[in-house]
Amino acid sequence: MSTPHPSSQRAPRRALRRLPLNAAALLTVVVCLFPVYWMVTTALKPSTDIQSYDPRLIPGAWTLDHFRRAVGADGFALFWRNSILVTLSAVLLALLVALGAAYAVARMRWRGRRQFMLAVFIAQMAPWESLIIPIYIISRDTGMLDRLPTLTLVYFMITLPFTVVVLRGFIAGIPPELEEAAQVDGCTRGAAFRKVAFPLLAPGLMATSLFGFITAWNEFTYANFLIIKQQDSRTLPVWLSSFQSTFGTDWGATMAASTLFALPALVVFLALQRHVTAGLASGGVKG
């Protein structure tokens, strides 16, 4: 009579030990996704079902009226354009500046390098909400209120520290011998980085781009405080508040507008998610 293989006996035990972890992971996914599910289903419910005292997890009827009202609201296309313009400009500017700073920290040895990185870490940990009043005063005194470039510079300032930290770690993880070999073949230092190291930075660039996009796209406080008089310069997060009035909140239109607002960030995440884990992990290597 043959005896069971030891590995076949350990398999059920491993599965049993993983059960609590799998249950915790499932619970986390449900807790995180339920608000999104409720937002989307509320956007598709008729107004009578939204205001019902007996809420349903699965709507009994469906409607697109709330989406039509959200898309037809004043300023939808204009605010959408403003958000795209400000977000992409801030992300591209942060990538450009951070790439040079990260390369200087990871590849060069210069006085004050450690102090520079310490300042970057401190800037990353600082609560940006505490800077609202100083930034507002500076913008007011320099005549930069109610302008989209002001928001672009603020979002650039918010996303820059994280971008420097991640790209610095990623560049440090690329063997410098690759660039040195290219220099031996006749490349300059800049050309060696551009032709050899830069193509290997794709995961880090994708990870930082995703972080910067989501941060700038979702930001509300600065957009609300720095754009006061010029309504045409506001962004989508501020536009979402337009469905509130003295008569109450149009929850159906608000949820539909929120769903439309979340779509670009979701599309960007799905497009870049393959590179995000590798990019964030590479940002943790020492340099």
# chains A, B, ... in the order shown; residues from 1 in each chain; ligands from 1

call {"tool": "select_by_dssp", "arguments": {"residues": "stretch 19-75 of chain A", "states": "helix (DSSP H, G or I)", "output": "VMD selection string"}}
result
chain A and resid 19 to 44 47 to 50 65 to 71

call {"tool": "residues_around", "arguments": {"residues": "A:Trp62", "least_positions_apart": "6", "cutoff": "10 Å", "atoms": "only C-alpha atoms", "output": "PyMOL selection string"}}
result
chain A and resi 41-46+49

call {"tool": "write_last_selection", "arguments": {"atoms": "C-alpha atoms", "output": "PDB file, in the first residue's frame"}}
result
ATOM      1  CA  THR A  41     -25.629  52.335  -8.423  1.00  0.00           C
ATOM      2  CA  THR A  42     -26.955  55.568  -6.905  1.00  0.00           C
ATOM      3  CA  ALA A  43     -26.112  57.356 -10.155  1.00  0.00           C
ATOM      4  CA  LEU A  44     -28.219  54.771 -12.016  1.00  0.00           C
ATOM      5  CA  LYS A  45     -31.207  54.767  -9.643  1.00  0.00           C
ATOM      6  CA  PRO A  46     -34.336  56.850 -10.230  1.00  0.00           C
ATOM      7  CA  ASP A  49     -35.393  55.059  -5.187  1.00  0.00           C
TER       8      ASP A  49
END

call {"tool": "atom_distance", "arguments": {"atom1": "atom CA of A:Phe34", "atom2": "atom CA of A:Leu236"}}
result
23.2 Å

call {"tool": "residues_around", "arguments": {"residues": "A:Leu200", "least_positions_apart": "4", "cutoff": "12 Å", "atoms": "only C-alpha atoms", "output": "PyMOL selection string"}}
result
chain A and resi 167+170-175+178-179+193-196+204-206+275+278-279+282

call {"tool": "write_last_selection", "arguments": {"atoms": "C-alpha atoms", "output": "mmCIF file, in the first residue's frame"}}
result
data_model
loop_
_atom_site.group_PDB
_atom_site.id
_atom_site.type_symbol
_atom_site.label_atom_id
_atom_site.label_comp_id
_atom_site.auth_asym_id
_atom_site.auth_seq_id
_atom_site.Cartn_x
_atom_site.Cartn_y
_atom_site.Cartn_z
ATOM 1 C CA LEU A 167 13.040 58.159 -9.239
ATOM 2 C CA PHE A 170 14.988 53.615 -9.258
ATOM 3 C CA ILE A 171 18.067 55.239 -10.812
ATOM 4 C CA ALA A 172 20.194 53.930 -7.942
ATOM 5 C CA GLY A 173 18.946 50.413 -8.772
ATOM 6 C CA ILE A 174 20.316 50.600 -12.323
ATOM 7 C CA PRO A 175 23.954 49.403 -12.405
ATOM 8 C CA LEU A 178 25.918 50.106 -18.004
ATOM 9 C CA GLU A 179 26.401 53.828 -18.442
ATOM 10 C CA PHE A 193 21.955 58.121 -19.510
ATOM 11 C CA ARG A 194 19.506 58.925 -22.304
ATOM 12 C CA LYS A 195 20.281 55.805 -24.370
ATOM 13 C CA VAL A 196 20.981 53.233 -21.640
ATOM 14 C CA GLY A 204 9.446 54.324 -12.078
ATOM 15 C CA LEU A 205 8.157 56.993 -14.447
ATOM 16 C CA MET A 206 4.789 55.224 -14.684
ATOM 17 C CA HIS A 275 4.372 49.195 -13.888
ATOM 18 C CA ALA A 278 7.766 47.527 -9.920
ATOM 19 C CA GLY A 279 8.219 51.264 -9.818
ATOM 20 C CA SER A 282 12.415 50.028 -7.059
#
